[in-house]
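A.B. asks: What follows is start_39.cif, mmCIF, C-alpha atoms.
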data_upload
loop_
_atom_site.label_atom_id
_atom_site.label_comp_id
_atom_site.auth_asym_id
_atom_site.auth_seq_id
_atom_site.Cartn_x
_atom_site.Cartn_y
_atom_site.Cartn_z
CA MET B 1 96.14 115.59 111.19
CA SER B 2 96.77 116.62 107.70
CA VAL B 3 99.33 119.34 107.14
CA GLN B 4 97.85 122.64 106.05
CA LYS B 5 99.39 123.89 102.84
CA SER B 6 100.25 127.48 102.10
CA TRP B 7 98.99 129.26 99.01
CA ALA B 8 102.36 128.73 97.32
CA GLU B 9 102.26 125.04 98.14
CA LEU B 10 98.75 124.73 96.77
CA GLN B 11 100.06 126.15 93.49
CA LYS B 12 102.55 123.30 93.35
CA MET B 13 99.81 120.79 94.12
CA HIS B 14 97.80 122.34 91.31
CA ARG B 15 100.67 121.82 88.88
CA ALA B 16 101.10 118.14 89.81
CA CYS B 17 97.38 117.46 89.65
CA ARG B 18 97.09 119.23 86.29
CA ILE B 19 99.71 116.90 84.78
CA VAL B 20 97.95 113.82 86.16
CA VAL B 21 94.51 114.74 84.88
CA ASP B 22 95.81 115.82 81.47
CA THR B 23 97.60 112.50 81.17
CA LEU B 24 94.45 110.62 82.17
CA GLY B 25 92.67 112.42 79.35
CA ALA B 26 95.24 111.17 76.87
CA LEU B 27 94.99 107.65 78.28
CA ALA B 28 91.21 107.70 77.99
CA GLU B 29 91.55 108.45 74.30
CA ALA B 30 94.17 105.73 73.86
CA ALA B 31 92.08 103.05 75.59
CA ALA B 32 90.74 101.21 72.56
CA PRO B 33 90.07 97.54 71.78
CA GLY B 34 93.34 95.65 71.26
CA VAL B 35 95.54 98.06 73.19
CA SER B 36 97.56 96.35 75.91
CA THR B 37 97.57 97.70 79.44
CA ARG B 38 101.37 97.84 79.30
CA GLU B 39 101.10 100.20 76.32
CA LEU B 40 98.90 102.54 78.35
CA ASP B 41 101.44 102.43 81.17
CA ARG B 42 104.19 103.41 78.71
CA ILE B 43 102.12 106.34 77.42
CA ALA B 44 101.52 107.52 80.97
CA ARG B 45 105.15 107.33 81.94
CA GLU B 46 106.40 109.13 78.84
CA ARG B 47 103.89 111.91 79.21
CA ILE B 48 104.64 112.46 82.88
CA GLU B 49 108.37 112.53 82.29
CA ARG B 50 107.96 114.88 79.34
CA GLU B 51 106.19 117.29 81.71
CA GLY B 52 109.20 117.23 83.99
CA ALA B 53 107.45 115.14 86.62
CA ARG B 54 108.11 111.71 88.04
CA PRO B 55 105.65 108.78 88.36
CA ALA B 56 104.40 108.64 91.94
CA PHE B 57 103.33 104.99 92.03
CA LEU B 58 106.44 103.44 90.46
CA GLY B 59 108.31 101.88 93.36
CA TYR B 60 105.72 102.99 95.93
CA ARG B 61 105.72 100.11 98.42
CA GLY B 62 107.22 98.09 95.59
CA TYR B 63 104.49 98.85 93.03
CA PRO B 64 106.01 97.98 89.63
CA ALA B 65 104.37 100.48 87.25
CA THR B 66 103.41 104.11 86.62
CA LEU B 67 99.71 103.43 86.19
CA CYS B 68 97.15 101.26 87.94
CA ILE B 69 94.78 99.70 85.40
CA SER B 70 91.76 97.90 86.82
CA VAL B 71 89.50 96.24 84.24
CA ASN B 72 85.84 95.28 84.86
CA ASP B 73 85.66 93.38 88.18
CA GLU B 74 89.08 94.66 89.18
CA VAL B 75 88.54 97.41 91.73
CA VAL B 76 91.92 99.12 92.06
CA HIS B 77 95.68 98.50 91.90
CA GLY B 78 95.61 96.41 88.71
CA ILE B 79 99.15 96.03 87.36
CA PRO B 80 99.70 96.79 83.66
CA GLY B 81 100.77 93.80 81.58
CA GLU B 82 100.01 91.79 78.47
CA ARG B 83 96.24 92.02 78.81
CA ARG B 84 94.59 93.64 75.82
CA LEU B 85 91.48 95.74 76.23
CA GLU B 86 88.30 94.43 74.65
CA GLU B 87 85.18 96.12 73.36
CA GLY B 88 82.80 96.62 76.29
CA ASP B 89 85.44 96.62 79.03
CA ILE B 90 85.40 99.33 81.64
CA VAL B 91 88.88 100.40 82.60
CA GLY B 92 89.88 102.15 85.80
CA LEU B 93 92.94 104.36 85.20
CA ASP B 94 94.65 105.56 88.37
CA LEU B 95 97.71 107.77 88.09
CA GLY B 96 99.94 109.87 90.27
CA CYS B 97 102.97 112.08 89.75
CA VAL B 98 105.33 114.16 91.81
CA VAL B 99 106.77 117.46 90.64
CA ASP B 100 108.73 119.97 92.69
CA GLY B 101 108.19 117.82 95.76
CA PHE B 102 104.40 117.76 95.60
CA TYR B 103 102.12 114.91 94.60
CA GLY B 104 99.06 114.77 92.38
CA ASP B 105 96.75 111.76 92.35
CA ALA B 106 93.63 111.14 90.26
CA ALA B 107 91.68 108.35 88.62
CA ARG B 108 88.82 107.80 86.24
CA THR B 109 87.04 104.86 84.72
CA VAL B 110 86.43 104.78 80.97
CA GLY B 111 84.54 102.45 78.66
CA VAL B 112 86.25 100.71 75.74
CA GLY B 113 84.04 101.12 72.68
CA ARG B 114 80.39 100.46 73.45
CA VAL B 115 79.72 99.35 77.00
CA SER B 116 76.59 97.92 78.63
CA ASP B 117 73.92 100.19 80.11
CA GLU B 118 74.79 98.86 83.56
CA ALA B 119 78.46 99.75 83.10
CA ARG B 120 77.59 103.23 81.91
CA ARG B 121 75.26 103.77 84.85
CA LEU B 122 77.88 102.52 87.30
CA MET B 123 80.49 104.94 85.95
CA GLY B 124 78.01 107.82 86.12
CA VAL B 125 76.97 107.06 89.69
CA THR B 126 80.58 106.69 90.84
CA GLU B 127 81.59 110.03 89.34
CA GLU B 128 78.53 111.67 90.89
CA ALA B 129 79.47 110.12 94.23
CA LEU B 130 82.92 111.70 93.90
CA ARG B 131 81.31 115.07 93.19
CA ALA B 132 79.05 114.64 96.22
CA GLY B 133 82.10 113.93 98.36
CA ILE B 134 83.94 116.96 97.01
CA ALA B 135 80.95 119.18 97.74
CA ALA B 136 81.27 118.19 101.41
CA CYS B 137 84.86 119.54 101.54
CA ARG B 138 84.19 122.78 103.37
CA PRO B 139 85.86 124.20 106.45
CA GLY B 140 83.98 123.16 109.56
CA GLN B 141 82.73 119.96 107.98
CA ARG B 142 84.40 116.73 108.96
CA VAL B 143 86.12 113.94 107.05
CA GLY B 144 83.18 111.67 107.89
CA ASP B 145 80.84 114.00 106.02
CA ILE B 146 82.73 113.26 102.81
CA GLY B 147 82.35 109.50 103.14
CA HIS B 148 78.75 109.85 104.17
CA ALA B 149 77.96 111.88 101.06
CA VAL B 150 79.72 109.33 98.83
CA GLN B 151 78.04 106.33 100.43
CA THR B 152 74.60 107.90 100.43
CA HIS B 153 74.77 108.63 96.73
CA ALA B 154 76.16 105.24 95.72
CA GLU B 155 73.77 103.22 97.83
CA ALA B 156 70.75 105.29 96.77
CA SER B 157 71.54 104.01 93.28
CA GLY B 158 71.60 100.40 94.47
CA TYR B 159 75.37 100.00 94.46
CA SER B 160 77.87 99.43 97.25
CA VAL B 161 81.08 101.17 98.28
CA VAL B 162 84.38 99.43 98.97
CA ARG B 163 85.62 99.64 102.58
CA GLU B 164 89.07 98.11 102.43
CA PHE B 165 90.58 101.00 100.48
CA VAL B 166 90.21 104.66 101.35
CA GLY B 167 91.08 108.13 100.12
CA HIS B 168 93.86 109.98 101.87
CA GLY B 169 95.59 113.22 102.59
CA ILE B 170 98.10 114.19 99.90
CA GLY B 171 100.93 116.69 99.67
CA THR B 172 104.64 116.04 100.00
CA SER B 173 103.82 112.33 100.26
CA LEU B 174 101.43 110.27 98.18
CA HIS B 175 99.55 109.10 101.25
CA GLU B 176 99.23 111.45 104.22
CA GLU B 177 96.81 111.64 107.10
CA PRO B 178 93.89 111.60 107.33
CA GLN B 179 92.29 108.50 105.87
CA VAL B 180 89.17 109.38 103.90
CA PRO B 181 86.76 106.43 103.90
CA ASN B 182 83.93 106.33 101.38
CA TYR B 183 81.41 105.31 104.00
CA GLY B 184 80.35 106.02 107.53
CA PRO B 185 78.29 108.36 109.65
CA PRO B 186 78.41 112.15 109.14
CA GLY B 187 79.91 114.46 111.74
CA ARG B 188 82.75 112.12 112.67
CA ARG B 189 86.50 112.11 112.14
CA GLN B 190 88.80 115.10 111.67
CA ARG B 191 87.49 118.60 111.15
CA LEU B 192 88.29 120.10 107.75
CA VAL B 193 90.42 123.24 107.82
CA PRO B 194 91.57 125.51 104.97
CA GLY B 195 94.81 124.29 103.38
CA MET B 196 94.10 120.56 103.81
CA CYS B 197 94.54 118.51 100.64
CA LEU B 198 92.61 115.28 100.25
CA ALA B 199 92.47 112.65 97.54
CA ILE B 200 88.82 111.58 97.46
CA GLU B 201 88.27 108.34 95.62
CA PRO B 202 85.05 106.34 95.69
CA MET B 203 85.30 102.73 94.56
CA VAL B 204 81.79 101.53 93.75
CA ASN B 205 80.63 97.98 92.98
CA VAL B 206 77.47 96.87 91.18
CA GLY B 207 77.18 93.93 93.59
CA GLY B 208 78.38 93.60 97.16
CA PRO B 209 81.14 95.67 98.76
CA ALA B 210 83.49 92.76 99.45
CA VAL B 211 86.85 92.71 97.66
CA ARG B 212 89.87 90.46 97.77
CA VAL B 213 93.47 90.94 96.67
CA LEU B 214 94.93 88.56 94.09
CA GLU B 215 98.16 86.60 94.48
CA ASP B 216 100.18 89.42 92.90
CA GLY B 217 99.67 91.27 96.19
CA TRP B 218 98.13 94.30 94.49
CA THR B 219 95.15 93.69 92.23
CA ALA B 220 91.89 94.02 94.17
CA VAL B 221 88.82 92.38 92.63
CA THR B 222 85.18 92.16 93.71
CA VAL B 223 84.48 88.88 95.51
CA ASP B 224 81.21 88.40 93.62
CA GLY B 225 82.78 89.22 90.25
CA SER B 226 80.58 92.27 89.72
CA LEU B 227 81.73 95.38 87.86
CA SER B 228 83.55 98.08 89.81
CA ALA B 229 84.33 101.71 88.98
CA HIS B 230 86.75 104.18 90.54
CA PHE B 231 86.98 107.96 90.25
CA GLU B 232 89.42 110.14 92.13
CA LEU B 233 90.38 113.80 92.38
CA SER B 234 92.74 115.65 94.71
CA VAL B 235 90.97 118.52 96.43
CA ALA B 236 92.11 121.39 98.64
CA VAL B 237 89.85 122.75 101.37
CA THR B 238 89.76 126.55 101.12
CA GLU B 239 87.81 129.13 103.02
CA GLU B 240 85.59 129.62 100.00
CA GLY B 241 85.01 125.90 99.54
CA PRO B 242 86.57 122.94 97.74
CA TRP B 243 89.23 123.52 95.10
CA ILE B 244 89.65 120.61 92.71
CA LEU B 245 93.40 120.95 92.35
CA SER B 246 93.56 119.91 88.71
CA GLU B 247 91.36 122.86 87.80
CA PRO B 248 92.03 126.62 88.04
CA TYR B 249 91.29 128.18 91.41
CA PRO B 250 87.52 128.74 91.11
CA TYR B 251 86.89 131.57 93.54
CA GLY B 252 88.39 134.59 91.78
CA ARG B 253 91.94 135.74 91.24
CA GLU B 254 92.15 138.39 93.91
CA ARG B 255 92.21 135.84 96.69
CA GLN B 256 95.85 135.04 97.40
CA SER B 257 95.47 133.30 100.72
CA HIS B 258 93.31 130.48 101.88
CA ALA B 259 93.83 131.22 105.53
CA MET X 1 95.92 105.34 94.27
CA PRO X 2 93.80 104.42 97.26
CA ARG X 3 95.40 103.72 100.54
CA VAL X 4 94.79 100.41 102.28
CA ALA X 5 92.48 101.19 105.19
CA ASP X 6 93.91 100.61 108.64
CA GLY X 7 92.19 97.61 110.17
CA ALA X 8 90.43 97.22 106.85
CA GLY X 9 86.67 97.04 106.88
CA PRO X 10 83.80 98.56 108.79
CA GLY X 11 83.77 98.19 112.56
CA ALA X 12 87.29 96.80 112.53
CA ALA X 13 88.46 100.01 114.17
CA ALA X 14 92.01 99.09 115.11
CA THR X 15 90.96 96.55 117.74
CA PRO X 16 93.40 93.67 117.92
CA ALA X 17 91.84 90.26 118.22
CA ALA X 18 90.67 89.67 121.76
CA ILE X 19 89.46 86.48 123.41
CA GLU X 20 87.02 86.27 126.26
CA VAL X 21 87.52 83.72 129.00
CA PRO X 22 85.46 83.02 132.10
CA GLY X 23 87.03 83.35 135.52
CA THR X 24 86.47 84.01 139.21
CA VAL X 25 87.66 87.04 141.15
CA LEU X 26 90.23 86.07 143.80
CA GLU X 27 90.93 89.41 145.41
CA SER X 28 90.39 93.09 145.00
CA LEU X 29 93.57 95.12 144.48
CA PRO X 30 94.19 98.87 144.69
CA ASN X 31 93.40 101.09 141.69
CA ALA X 32 90.24 99.16 140.79
CA LEU X 33 92.26 96.14 139.77
CA TYR X 34 91.33 92.57 140.51
CA ARG X 35 93.23 89.31 140.52
CA VAL X 36 91.19 86.79 138.57
CA GLN X 37 91.46 83.00 138.50
CA LEU X 38 90.81 81.97 134.89
CA GLU X 39 89.24 78.74 133.73
CA THR X 40 91.92 78.32 131.11
CA GLU X 41 95.18 76.50 131.54
CA ALA X 42 97.51 78.68 129.50
CA ARG X 43 97.29 81.64 131.85
CA PRO X 44 95.78 80.61 135.18
CA GLN X 45 95.70 84.07 136.75
CA VAL X 46 95.64 87.63 135.48
CA VAL X 47 95.34 91.07 136.98
CA ALA X 48 92.39 92.76 135.35
CA HIS X 49 90.84 96.16 135.32
CA VAL X 50 87.14 96.65 134.84
CA SER X 51 85.39 97.89 131.71
CA GLY X 52 83.02 100.83 132.00
CA ALA X 53 79.73 98.97 132.12
CA ALA X 54 80.94 96.29 134.52
CA ALA X 55 82.37 98.94 136.87
CA LEU X 56 78.95 100.33 137.77
CA ARG X 57 78.80 98.06 140.78
CA ARG X 58 81.75 96.98 142.88
CA ILE X 59 82.96 93.49 142.14
CA LEU X 60 83.49 91.26 145.15
CA PRO X 61 85.94 88.39 145.52
CA GLY X 62 84.31 85.10 144.57
CA GLU X 63 82.17 86.58 141.80
CA GLY X 64 82.17 85.00 138.36
CA VAL X 65 83.31 87.32 135.59
CA VAL X 66 84.25 87.25 131.93
CA VAL X 67 87.72 88.61 131.22
CA GLU X 68 88.87 89.87 127.84
CA LEU X 69 92.49 89.07 126.98
CA LEU X 70 94.33 90.58 124.07
CA ALA X 71 95.89 88.11 121.69
CA TYR X 72 99.29 89.50 122.51
CA ASP X 73 100.02 88.99 126.16
CA SER X 74 100.16 92.25 128.05
CA GLY X 75 99.86 90.43 131.35
CA ARG X 76 96.63 92.26 131.98
CA GLY X 77 93.04 91.57 131.22
CA ARG X 78 89.79 93.48 131.25
CA ILE X 79 86.66 92.39 133.03
CA VAL X 80 83.94 92.97 130.47
CA ARG X 81 80.92 91.60 132.32
CA ARG X 82 79.71 89.55 135.22
CA ARG X 83 78.92 85.89 134.89
CA PHE X 84 75.98 84.46 136.78
#
Please lay out the structure from this file as structure tokens.
C.D. replies:
Amino acid sequence: MSVQKSWAELQKMHRACRIVVDTLGALAEAAAPGVSTRELDRIARERIEREGARPAFLGYRGYPATLCISVNDEVVHGIPGERRLEEGDIVGLDLGCVVDGFYGDAARTVGVGRVSDEARRLMGVTEEALRAGIAACRPGQRVGDIGHAVQTHAEASGYSVVREFVGHGIGTSLHEEPQVPNYGPPGRRQRLVPGMCLAIEPMVNVGGPAVRVLEDGWTAVTVDGSLSAHFELSVAVTEEGPWILSEPYPYGRERQSHA
Amino acid sequence: MPRVADGAGPGAAATPAAIEVPGTVLESLPNALYRVQLETEARPQVVAHVSGAAALRRILPGEGVVVELLAYDSGRGRIVRRRF
């Protein structure tokens, strides 16, 4: 069961998520042909530290960098290094930070220069699938409804969703209960209650859903070599509905309690 | 950063690898347990309880059954179905 956060705690989540998403915006602009993935990692780290936050992934279960960069057929957990981005690549940028004890976690996939129509469509469908999942984040719904919404949207577009990695509760740890799969039947799993915070993160492949992890122990790639995209936002369940924590509270200022 | 799913993959819901072996019921014990003679050499006999579907009718000594054993030895098995 995910811990329910107080209004004050949600404000702290909001701050952490704001830093992450702002930094992702800067990284998206910096992702140009010829730029190395290590350079993007450096930009991310400097920006996060300048904001008074700390990278959440660095050292997490031994992960060696601030940013996860997953290019083309890489699904998630790509480690920054010497690789230089090329025109037409699609680049998954996944970033987390911790500030004042609370974690923010978000990801987006961006194209480098001009990308193929298929790549553009994949990124659009994946982001829409994320939005569909977020829309399911209402009190009384269940965690399974989120995954069902994501899967339904992705598969209606002819794509497949990755099973081996899942979204997660988030708060004073990067990964909290519950797990949030991007697939499965509706009406199952934990009931959503106000104050829960979830990182929802569809990973969508053009081809089959199968992935494997490379010898570095982190980088996940599609088994069939097809393109993969990844979008993620951290969301709080409130009585009024979902609150995307990187954005201002959307249901009016007078409301000071979610409970 | 996505979390690695527990028991990664669909339908892999946290079930440790189980093997099924054929056997014959030797005797009926209290608490709906049975002592089963297995047709494998590693573990000739186990005490087994009965899975839901197989429990619909009482199992009598001498009946052939299929017993599920967990890969790690708990000393117990589970009768999953009858064998004819």
A.B. asks: The PyMOL selection byres ((chain B) within 7 of (chain X)) on the file shown: which residues, as a count of residues only?
C.D. replies: 11
A.B. asks: Write out as a PyMOL selection string the residues lying within 7 Å of Arg114 of chain B, counting all atoms listed in the file and excluding same-chain residues fewer than 3 positions away.
C.D. replies: chain B and resi 87-88+111
A.B. asks: What residues come out when you apply the PyMOL selection byres ((chain B and resi 191) around 12) to this file, written as a list in words?
C.D. replies: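 Applied to this file, the PyMOL selection byres ((chain B and resi 191) around 12) selects Met1, Ser2, Ala136, Cys137, Arg138, Pro139, Gly140, Gln141, Arg142, Val143, Gly144, Asp145, Ile146, Pro178, Val180, Pro186, Gly187, Arg188, Arg189, Gln190, Leu192, Val193, Pro194, Met196 and Val237 of chain B.
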A.B. asks: Spell out the residues picked by the PyMOL selection byres ((chain B and resi 4) around 12) here, as a list in words.
C.D. replies: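 Expected selection for the PyMOL selection byres ((chain B and resi 4) around 12) here is Met1, Ser2, Val3, Lys5, Ser6, Trp7, Ala8, Glu9, Leu10, Gly169, Ile170, Gly171, Thr172, Glu176, Glu177, Pro178, Leu192, Val193, Pro194, Gly195, Met196, Cys197, Leu198, Ala236, Val237, Thr238, His258 and Ala259 of chain B.
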A.B. asks: Find the residue from X:Ala32, X:Arg57, X:Val46, X:Gly52 that sits nearest to Leu70 of chain X; use all atoms listed in the file when measuring.
C.D. replies: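 Of all the options, X:Val46 lies closest to Leu70 of chain X.
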